[in-house]
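Participant: If it helps, the file is called start-v1.cif and holds mmCIF, C-alpha atoms:
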data_protein
loop_
_atom_site.label_atom_id
_atom_site.label_comp_id
_atom_site.auth_asym_id
_atom_site.auth_seq_id
_atom_site.Cartn_x
_atom_site.Cartn_y
_atom_site.Cartn_z
CA MET T 1 40.99 24.42 -82.00
CA ARG T 2 44.63 24.68 -80.96
CA ILE T 3 45.34 24.55 -77.22
CA LEU T 4 48.37 25.86 -75.33
CA TYR T 5 49.01 25.60 -71.58
CA HIS T 6 49.92 27.91 -68.72
CA VAL T 7 50.61 27.15 -65.05
CA THR T 8 49.97 29.75 -62.38
CA THR T 9 49.82 29.89 -58.62
CA LEU T 10 46.56 29.67 -56.76
CA ALA T 11 47.24 33.17 -55.40
CA SER T 12 47.34 34.56 -58.96
CA PHE T 13 44.53 32.35 -60.22
CA ARG T 14 41.79 34.27 -58.41
CA SER T 15 42.55 37.52 -60.25
CA ILE T 16 43.08 35.67 -63.54
CA LEU T 17 39.49 34.43 -63.35
CA GLU T 18 38.34 38.06 -63.34
CA GLU T 19 40.98 39.88 -65.41
CA GLY T 20 42.65 37.22 -67.55
CA LEU T 21 46.36 36.59 -67.97
CA ASP T 22 48.10 39.96 -68.14
CA PRO T 23 51.66 40.24 -69.51
CA ALA T 24 52.23 43.31 -67.32
CA ARG T 25 52.35 40.91 -64.36
CA SER T 26 55.13 38.80 -65.87
CA GLN T 27 58.21 38.33 -63.73
CA SER T 28 60.32 37.98 -66.86
CA SER T 29 62.24 40.75 -68.57
CA LEU T 30 60.05 40.02 -71.61
CA LYS T 31 56.62 41.25 -70.56
CA ALA T 32 54.58 38.39 -71.94
CA VAL T 33 52.37 35.50 -70.90
CA PHE T 34 54.34 32.32 -71.47
CA LEU T 35 52.48 29.38 -72.96
CA SER T 36 53.56 25.80 -73.55
CA GLY T 37 52.60 23.33 -76.23
CA GLY T 38 52.24 20.49 -73.74
CA GLU T 39 51.07 19.93 -70.21
CA PHE T 40 54.42 18.46 -69.15
CA THR T 41 56.36 21.57 -70.19
CA ALA T 42 53.86 23.83 -68.47
CA ALA T 43 53.95 21.76 -65.28
CA SER T 44 57.75 21.89 -65.20
CA TYR T 45 57.56 25.61 -64.37
CA ALA T 46 55.45 25.08 -61.26
CA CYS T 47 58.60 24.56 -59.17
CA MET T 48 59.68 28.17 -59.84
CA ARG T 49 57.09 29.54 -57.42
CA ASP T 50 55.92 28.16 -54.08
CA GLY T 51 52.39 27.15 -53.24
CA PRO T 52 49.60 25.27 -54.98
CA HIS T 53 49.29 25.67 -58.73
CA VAL T 54 46.59 25.57 -61.37
CA MET T 55 47.12 24.39 -64.95
CA LEU T 56 45.11 26.27 -67.54
CA SER T 57 44.48 25.59 -71.19
CA VAL T 58 44.36 28.53 -73.58
CA ASP T 59 42.27 28.51 -76.74
CA VAL T 60 44.70 29.97 -79.28
CA THR T 61 41.86 30.89 -81.65
CA SER T 62 40.88 33.52 -79.05
CA LEU T 63 44.29 35.23 -79.31
CA ASP T 64 45.58 37.90 -81.67
CA PRO T 65 48.18 36.07 -83.81
CA ASP T 66 50.16 39.30 -84.17
CA LEU T 67 50.85 39.24 -80.41
CA LEU T 68 52.26 35.68 -80.41
CA GLY T 69 56.04 35.49 -80.50
CA PRO T 70 59.00 33.31 -79.65
CA ASP T 71 59.96 32.35 -76.12
CA ASN T 72 63.07 34.03 -74.71
CA TYR T 73 63.78 31.57 -71.90
CA GLU T 74 64.97 28.29 -73.41
CA LEU T 75 64.84 29.06 -77.13
CA PRO T 76 68.17 30.99 -77.26
CA ASP T 77 70.10 28.04 -75.80
CA LEU T 78 68.31 25.51 -77.99
CA LEU T 79 69.05 27.52 -81.13
CA GLU T 80 72.76 27.55 -80.26
CA GLN T 81 72.69 23.76 -79.87
CA MET T 82 70.86 23.09 -83.14
CA ASP T 83 72.66 21.64 -86.11
CA PRO T 84 73.12 24.32 -88.82
CA GLU T 85 71.40 22.04 -91.37
CA ALA T 86 68.36 21.68 -89.12
CA LEU T 87 68.21 25.47 -88.77
CA GLU T 88 68.49 25.86 -92.53
CA GLU T 89 65.59 23.42 -93.03
CA LEU T 90 63.46 25.75 -90.91
CA GLY T 91 64.57 28.74 -92.97
CA TYR T 92 67.10 30.17 -90.49
CA TYR T 93 70.87 30.54 -90.41
CA GLU T 94 73.50 29.66 -87.83
CA GLY T 95 73.60 32.36 -85.14
CA VAL T 96 69.97 33.41 -85.63
CA GLY T 97 68.63 35.41 -82.68
CA TRP T 98 65.70 34.04 -80.73
CA SER T 99 63.57 37.11 -81.53
CA GLU T 100 63.87 36.36 -85.25
CA VAL T 101 62.18 32.96 -84.89
CA SER T 102 58.46 32.59 -85.59
CA TRP T 103 56.19 31.63 -82.73
CA GLU T 104 55.35 28.39 -84.58
CA HIS T 105 59.03 27.44 -84.73
CA SER T 106 59.53 28.50 -81.11
CA LEU T 107 56.74 26.09 -80.22
CA ALA T 108 58.32 23.32 -82.32
CA ILE T 109 61.84 23.86 -80.94
CA ALA T 110 61.27 24.87 -77.30
CA ASP T 111 57.61 23.86 -76.77
CA GLN T 112 56.98 27.44 -75.63
CA VAL T 113 55.77 30.79 -76.95
CA ALA T 114 55.23 34.27 -75.57
CA TYR T 115 51.98 36.24 -75.88
CA ARG T 116 52.23 40.00 -75.50
CA GLY T 117 48.56 40.68 -74.92
CA ILE T 118 45.99 40.03 -72.24
CA ILE T 119 44.44 36.59 -72.51
CA PRO T 120 40.79 36.96 -71.51
CA PRO T 121 39.20 34.63 -68.96
CA SER T 122 36.86 33.39 -71.71
CA ALA T 123 39.88 31.81 -73.50
CA LEU T 124 40.91 29.84 -70.38
CA SER T 125 39.87 26.45 -69.00
CA ILE T 126 41.18 24.53 -66.01
CA ILE T 127 43.05 21.40 -67.04
CA ASP T 128 44.31 20.04 -63.75
CA CYS T 129 41.82 20.08 -60.90
CA GLU T 130 44.00 17.87 -58.72
CA TRP T 131 46.35 20.68 -57.73
CA VAL T 132 43.62 22.91 -56.32
CA PRO T 133 39.83 22.87 -56.05
CA ALA T 134 38.30 24.50 -59.12
CA PRO T 135 35.43 26.96 -59.02
CA GLU T 136 32.15 25.29 -59.90
CA GLY T 137 31.64 24.91 -63.61
CA MET T 138 35.31 25.39 -64.54
CA CYS T 139 36.63 21.88 -63.97
CA PRO T 140 36.72 19.79 -67.15
CA MET T 141 34.85 16.54 -67.37
CA PRO T 142 36.88 13.56 -66.12
CA GLY T 143 39.26 12.42 -68.84
CA ALA T 144 38.95 15.68 -70.79
CA GLY T 145 42.40 16.96 -69.78
#
The structure in this file should be written as structure tokens.
Facilitator:
Amino acid sequence: MRILYHVTTLASFRSILEEGLDPARSQSSLKAVFLSGGEFTAASYACMRDGPHVMLSVDVTSLDPDLLGPDNYELPDLLEQMDPEALEELGYYEGVGWSEVSWEHSLAIADQVAYRGIIPPSALSIIDCEWVPAPEGMCPMPGAG
């Protein structure tokens, strides 16, 4: 099972438990749910919004692979900085647009992807219970995160 991560505010978390992660609620120009390949990358976005946060893991096998795509936040800058030979090794050319990159390469380059569908609550688990008290039964076993 492949796991990706998402950080949200406690205020949003309550509705996510009932409705899932909805790209329509994204504050980005790209209406998507943004997921990270690692906990550190996900946690780095917590500073963008005030208040307590919750880190969630997302079971990628529960997602429609056709709705996974590249991240539009950091990927464009990282592509511009990449050595042309490194791009060529991935099958791209110098000046490639971020939207032309596969979600797998977006994950490898920027540690982030975008999902353009609703992620159901059944695909989510709480990773970090230290930021906010978790509802009973949702907190992972100690050492599991």
Participant: Nearest residue to His53 of chain T out of T:Arg116, T:Arg14, T:Arg25, T:Arg2, using all atoms listed in the file?
Facilitator: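 Once distances to His53 of chain T are computed over all atoms listed in the file, the minimum belongs to T:Arg14.
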Participant: Give me the residues within 8 Å of segment 97-106 of chain T as a CSV table (one decimal) with C-alpha atoms, in the frame of the given file, counting all atoms listed in the file and dropping any in the same chain fewer than 4 places off.
Facilitator:
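This went into around_26.csv:
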chain,number,residue,atom,x,y,z
T,68,LEU,CA,52.3,35.7,-80.4
T,69,GLY,CA,56.0,35.5,-80.5
T,70,PRO,CA,59.0,33.3,-79.6
T,71,ASP,CA,60.0,32.4,-76.1
T,72,ASN,CA,63.1,34.0,-74.7
T,75,LEU,CA,64.8,29.1,-77.1
T,76,PRO,CA,68.2,31.0,-77.3
T,79,LEU,CA,69.0,27.5,-81.1
T,90,LEU,CA,63.5,25.8,-90.9
T,92,TYR,CA,67.1,30.2,-90.5
T,110,ALA,CA,61.3,24.9,-77.3
T,111,ASP,CA,57.6,23.9,-76.8
T,112,GLN,CA,57.0,27.4,-75.6
T,113,VAL,CA,55.8,30.8,-77.0
T,114,ALA,CA,55.2,34.3,-75.6
Participant: Nearest residue to Ile109 of chain T out of T:Ile127, T:Gly37, T:Leu17, T:Pro52, using all atoms listed in the file?
Facilitator: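 Of T:Ile127, T:Gly37, T:Leu17, T:Pro52, the one nearest Ile109 of chain T, counting all atoms listed in the file, is T:Gly37.
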Participant: Atom CA of Glu94 of chain T and atom CA of Thr41 of chain T are how many Å apart?
Facilitator: 25.9 Å
Participant: Just the number, please: distance in Å from atom CA of Val96 of chain T to atom CA of Glu80 of chain T, one decimal.
Facilitator: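 A separation of 8.4 Å between them.
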Participant: Can you list, as an MDAnalysis selection string, the residues that the PyMOL selection byres ((chain T and resi 56-66) around 10) selects here?
Facilitator: chainID T and resid 1:8 13 35:39 42 53:55 67:69 103 115:129 145
Participant: Could you please determine the separation between atom CA of Ser44 of chain T and atom CA of Gln27 of chain T in Å, to one decimal place?
Facilitator: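 Straight-line distance from atom CA of Ser44 of chain T to atom CA of Gln27 of chain T works out to 16.5 Å.
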Participant: Name the closest residue to Leu10 of chain T among the candidates T:Phe40, T:Gln81, T:Ala108, T:Ala46; distances are taken between atoms, counting only C-alpha atoms.
Facilitator: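 Checking each candidate against Leu10 of chain T, we get T:Ala46 as the closest.
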Participant: Find the residue from T:Leu107, T:Ser15, T:Phe34, T:Asp22 that sits nearest to Leu78 of chain T; use all atoms listed in the file when measuring.
Facilitator: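 Looking at the shortest contact to Leu78 of chain T, the residue is T:Leu107.
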Participant: May I ask which of the residues T:Ala43, T:Thr9, T:Ala32, T:Gly95 is the closest one to Asp83 of chain T, counting all atoms listed in the file?
Facilitator: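 Under the stated criterion, the closest residue is T:Gly95.
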Participant: Could I get segment 3-29 of chain T rebuilt with N, CA, C and O atoms, written as an mmCIF file, in the coordinates of the input?
Facilitator:
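File produced: rebuild.cif:
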data_model
loop_
_atom_site.group_PDB
_atom_site.id
_atom_site.type_symbol
_atom_site.label_atom_id
_atom_site.label_comp_id
_atom_site.auth_asym_id
_atom_site.auth_seq_id
_atom_site.Cartn_x
_atom_site.Cartn_y
_atom_site.Cartn_z
ATOM 1 N N ILE T 3 45.256 24.279 -78.658
ATOM 2 C CA ILE T 3 45.340 24.550 -77.220
ATOM 3 C C ILE T 3 46.797 24.695 -76.814
ATOM 4 O O ILE T 3 47.657 23.931 -77.220
ATOM 5 N N LEU T 4 47.082 25.708 -75.984
ATOM 6 C CA LEU T 4 48.370 25.860 -75.330
ATOM 7 C C LEU T 4 48.105 25.835 -73.825
ATOM 8 O O LEU T 4 46.953 25.900 -73.389
ATOM 9 N N TYR T 5 49.150 25.766 -73.018
ATOM 10 C CA TYR T 5 49.010 25.600 -71.580
ATOM 11 C C TYR T 5 49.790 26.651 -70.804
ATOM 12 O O TYR T 5 50.816 27.129 -71.247
ATOM 13 N N HIS T 6 49.274 26.956 -69.616
ATOM 14 C CA HIS T 6 49.920 27.910 -68.720
ATOM 15 C C HIS T 6 49.686 27.442 -67.289
ATOM 16 O O HIS T 6 48.580 27.037 -66.930
ATOM 17 N N VAL T 7 50.732 27.489 -66.471
ATOM 18 C CA VAL T 7 50.610 27.150 -65.050
ATOM 19 C C VAL T 7 50.777 28.423 -64.247
ATOM 20 O O VAL T 7 51.654 29.238 -64.512
ATOM 21 N N THR T 8 49.915 28.584 -63.251
ATOM 22 C CA THR T 8 49.970 29.750 -62.380
ATOM 23 C C THR T 8 49.748 29.320 -60.938
ATOM 24 O O THR T 8 49.306 28.204 -60.679
ATOM 25 N N THR T 9 50.052 30.199 -60.027
ATOM 26 C CA THR T 9 49.820 29.890 -58.620
ATOM 27 C C THR T 9 48.350 30.119 -58.278
ATOM 28 O O THR T 9 47.649 30.886 -58.951
ATOM 29 N N LEU T 10 47.923 29.477 -57.232
ATOM 30 C CA LEU T 10 46.560 29.670 -56.760
ATOM 31 C C LEU T 10 46.342 31.140 -56.382
ATOM 32 O O LEU T 10 45.286 31.714 -56.664
ATOM 33 N N ALA T 11 47.359 31.760 -55.791
ATOM 34 C CA ALA T 11 47.240 33.170 -55.400
ATOM 35 C C ALA T 11 46.948 34.051 -56.617
ATOM 36 O O ALA T 11 46.145 34.981 -56.546
ATOM 37 N N SER T 12 47.583 33.782 -57.746
ATOM 38 C CA SER T 12 47.340 34.560 -58.960
ATOM 39 C C SER T 12 46.062 34.144 -59.677
ATOM 40 O O SER T 12 45.438 34.942 -60.379
ATOM 41 N N PHE T 13 45.676 32.909 -59.511
ATOM 42 C CA PHE T 13 44.530 32.350 -60.220
ATOM 43 C C PHE T 13 43.241 33.126 -59.966
ATOM 44 O O PHE T 13 42.449 33.351 -60.872
ATOM 45 N N ARG T 14 43.036 33.551 -58.743
ATOM 46 C CA ARG T 14 41.790 34.270 -58.410
ATOM 47 C C ARG T 14 41.620 35.519 -59.269
ATOM 48 O O ARG T 14 40.555 35.768 -59.811
ATOM 49 N N SER T 15 42.665 36.308 -59.431
ATOM 50 C CA SER T 15 42.550 37.520 -60.250
ATOM 51 C C SER T 15 42.492 37.178 -61.737
ATOM 52 O O SER T 15 41.857 37.894 -62.517
ATOM 53 N N ILE T 16 43.120 36.092 -62.143
ATOM 54 C CA ILE T 16 43.080 35.670 -63.540
ATOM 55 C C ILE T 16 41.657 35.340 -63.964
ATOM 56 O O ILE T 16 41.240 35.630 -65.087
ATOM 57 N N LEU T 17 40.888 34.751 -63.040
ATOM 58 C CA LEU T 17 39.490 34.430 -63.350
ATOM 59 C C LEU T 17 38.691 35.692 -63.691
ATOM 60 O O LEU T 17 37.755 35.637 -64.487
ATOM 61 N N GLU T 18 39.064 36.808 -63.108
ATOM 62 C CA GLU T 18 38.340 38.060 -63.340
ATOM 63 C C GLU T 18 38.959 38.900 -64.450
ATOM 64 O O GLU T 18 38.246 39.498 -65.253
ATOM 65 N N GLU T 19 40.296 38.952 -64.507
ATOM 66 C CA GLU T 19 40.980 39.880 -65.410
ATOM 67 C C GLU T 19 41.710 39.217 -66.570
ATOM 68 O O GLU T 19 42.143 39.906 -67.496
ATOM 69 N N GLY T 20 41.894 37.916 -66.533
ATOM 70 C CA GLY T 20 42.650 37.220 -67.550
ATOM 71 C C GLY T 20 44.132 37.185 -67.215
ATOM 72 O O GLY T 20 44.554 37.633 -66.148
ATOM 73 N N LEU T 21 44.905 36.639 -68.125
ATOM 74 C CA LEU T 21 46.360 36.590 -67.970
ATOM 75 C C LEU T 21 46.943 37.864 -68.567
ATOM 76 O O LEU T 21 46.776 38.139 -69.752
ATOM 77 N N ASP T 22 47.611 38.648 -67.737
ATOM 78 C CA ASP T 22 48.100 39.960 -68.140
ATOM 79 C C ASP T 22 49.626 39.947 -68.220
ATOM 80 O O ASP T 22 50.305 39.692 -67.219
ATOM 81 N N PRO T 23 50.199 40.250 -69.390
ATOM 82 C CA PRO T 23 51.660 40.240 -69.510
ATOM 83 C C PRO T 23 52.348 41.271 -68.628
ATOM 84 O O PRO T 23 53.527 41.122 -68.312
ATOM 85 N N ALA T 24 51.636 42.294 -68.203
ATOM 86 C CA ALA T 24 52.230 43.310 -67.320
ATOM 87 C C ALA T 24 52.625 42.705 -65.976
ATOM 88 O O ALA T 24 53.465 43.258 -65.271
ATOM 89 N N ARG T 25 52.042 41.573 -65.633
ATOM 90 C CA ARG T 25 52.350 40.910 -64.360
ATOM 91 C C ARG T 25 53.480 39.898 -64.471
ATOM 92 O O ARG T 25 53.819 39.235 -63.497
ATOM 93 N N SER T 26 54.055 39.761 -65.653
ATOM 94 C CA SER T 26 55.130 38.800 -65.870
ATOM 95 C C SER T 26 56.336 39.146 -65.023
ATOM 96 O O SER T 26 56.686 40.316 -64.862
ATOM 97 N N GLN T 27 56.993 38.128 -64.496
ATOM 98 C CA GLN T 27 58.210 38.330 -63.730
ATOM 99 C C GLN T 27 59.445 38.246 -64.621
ATOM 100 O O GLN T 27 60.563 38.365 -64.149
ATOM 101 N N SER T 28 59.229 38.067 -65.899
ATOM 102 C CA SER T 28 60.320 37.980 -66.860
ATOM 103 C C SER T 28 60.660 39.364 -67.401
ATOM 104 O O SER T 28 59.837 40.282 -67.365
ATOM 105 N N SER T 29 61.864 39.489 -67.936
ATOM 106 C CA SER T 29 62.240 40.750 -68.570
ATOM 107 C C SER T 29 61.418 40.983 -69.837
ATOM 108 O O SER T 29 61.201 42.118 -70.238
#
